[in-house]
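Structure first, then comments.
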Amino acid sequence: MGRQGERLTKTTFDQYRKTGGWVIIHGRSEEQNAWLVAQPDLIIASDGIPFVDGLSHPRSAGTFAKILGRYVREERVLDLMEALAKMTIMPARRLENFVPQMKTKGRIAEGMDADITVFDPDTIIDRATYTEPGQYSAGIEFVFVNGVAVVDDGEVLDDVYPGRAILAR
């Protein structure tokens, strides 16, 4: 999509690529996404692009809320506990052999280093779009990173960055 959201032709695609910037390609349908999400070995993560010059991808802000709101609550493609495992413990287990710090992630137990998101399963939904990719998801009440609130009563707190980089060996 171009800056104005138009669908690109080969010519306009090549133009945008020559001038720099991002081109978003729609490679899957929503039906394909729903089928993929339901696969037992699929891990849910985001490859969303960070904001640059006011542009990004909706996945940067809405991946997990979309799974919980659309595919769990609305379409019932998977249940809540399956979705949460695909977002937490499964990615941590997949990475822990390469990234030892992941052995303490994705689990809520004594001695673990879990970040916590408190959400309302009846209202959580993504709101980010291609034209407004920075819209926060609805239904997220609290987020704690390293024990520090970064979302409090649904409001994102300014200038709070308690996260730490996790690096592979």
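Ordering of the structure tokens sets the chain letters (A, B, ...); residue numbers start at 1 within each chain; ligands are numbered from 1 in the order shown.
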
*Find the spatial neighbours of Asp120 of chain A, counting only C-alpha atoms, within a cut-off of 12 Å - ignore same-chain residues fewer than 6 positions away - and output them as a ChimeraX atom specification.*
/A:65,68-69,73,80,137-142,153-154

Generate the output file for the selected residues, C-alpha atoms, as a PDB file, in the first residue's frame.
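Result file follows (part_26.pdb):
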```pdb
ATOM      1  CA  ALA A  65      -5.133  -8.200  20.849  1.00  0.00           C
ATOM      2  CA  LEU A  68      -7.495 -12.645  21.623  1.00  0.00           C
ATOM      3  CA  GLY A  69     -10.394 -10.559  20.325  1.00  0.00           C
ATOM      4  CA  ARG A  73     -13.596 -14.486  21.332  1.00  0.00           C
ATOM      5  CA  LEU A  80      -8.046 -18.561  25.508  1.00  0.00           C
ATOM      6  CA  SER A 137      -5.657  -1.960  21.405  1.00  0.00           C
ATOM      7  CA  ALA A 138      -8.830  -1.818  23.488  1.00  0.00           C
ATOM      8  CA  GLY A 139      -9.443  -3.926  26.574  1.00  0.00           C
ATOM      9  CA  ILE A 140      -5.926  -3.883  28.028  1.00  0.00           C
ATOM     10  CA  GLU A 141      -6.154  -2.634  31.594  1.00  0.00           C
ATOM     11  CA  PHE A 142      -2.637  -3.078  32.994  1.00  0.00           C
ATOM     12  CA  ASP A 153      -6.037   1.457  34.157  1.00  0.00           C
ATOM     13  CA  GLY A 154      -5.941   1.388  30.344  1.00  0.00           C
TER      14      GLY A 154
END
```

*Give me every strand (DSSP E) residue in segment 21-166 of chain A, going by DSSP on the backbone, as a ChimeraX atom specification.*
/A:116-119,140-145,148-152,155-156

Keeping only C-alpha atoms, take the residues you just selected and write them out as a short mmCIF file (atom, residue, chain, number, x, y, z; two decimals), in the first residue's frame.
```
data_model
loop_
_atom_site.label_atom_id
_atom_site.label_comp_id
_atom_site.auth_asym_id
_atom_site.auth_seq_id
_atom_site.Cartn_x
_atom_site.Cartn_y
_atom_site.Cartn_z
CA ILE A 116 2.17 -9.46 32.85
CA THR A 117 -0.71 -8.07 30.80
CA VAL A 118 -4.12 -7.80 32.46
CA PHE A 119 -6.91 -7.63 29.89
CA ILE A 140 -5.93 -3.88 28.03
CA GLU A 141 -6.15 -2.63 31.59
CA PHE A 142 -2.64 -3.08 32.99
CA VAL A 143 0.80 -4.08 31.71
CA PHE A 144 3.75 -4.74 33.99
CA VAL A 145 7.28 -5.07 32.63
CA VAL A 148 6.86 -1.81 36.70
CA ALA A 149 3.52 -0.59 35.35
CA VAL A 150 3.67 0.67 31.77
CA VAL A 151 -0.12 0.65 31.27
CA ASP A 152 -2.23 1.66 34.26
CA GLU A 155 -3.62 4.39 29.99
CA VAL A 156 -0.12 4.08 28.57
#
```

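Taking atom CA of Pro100 of chain A and atom CA of Pro162 of chain A as the two end points, the separation is 19.9 Å.
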
*For Glu82 of chain A, work out the shell of residues within 10 Å, counting only C-alpha atoms and skipping chain neighbours fewer than 6 positions away, then give it as a PyMOL selection string.*
chain A and resi 38+40+72+90

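When atom CA of Glu75 of chain A is paired with atom CA of Glu31 of chain A, their separation reads 10.6 Å.
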
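Restricting the calculation to only C-alpha atoms, the smallest distance between Tyr136 of chain A and any of A:Gly106, A:Gly20, A:Pro58, A:Gly163 is found for A:Pro58.
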
_Report as an MDAnalysis selection string all protein, DNA and RNA residues lying within 12 Å of Arg127 of chain A, evaluated on only C-alpha atoms, omitting residues in the same chain fewer than 2 positions from it._
chainID A and resid 57:66 69:70 123:125 129:140

*Contacts of Pro91 of chain A at 12 Å or less, counting only C-alpha atoms, minus same-chain residues fewer than 3 places along, as an MDAnalysis selection string?*
chainID A and resid 41:46 83:88 94:99 102:107

*Mind giving me the straight-line distance from atom CA of Asn33 of chain A to atom CA of Asp122 of chain A in Å, one decimal?*
21.4 Å

*Name the residues of segment 69-157 of chain A that fall into helix (DSSP H, G or I) according to DSSP on the backbone, using the chain letters and numbers of this document, as number ranges by chain.*
A: 69-74, 80-87, 89-95, 100-104
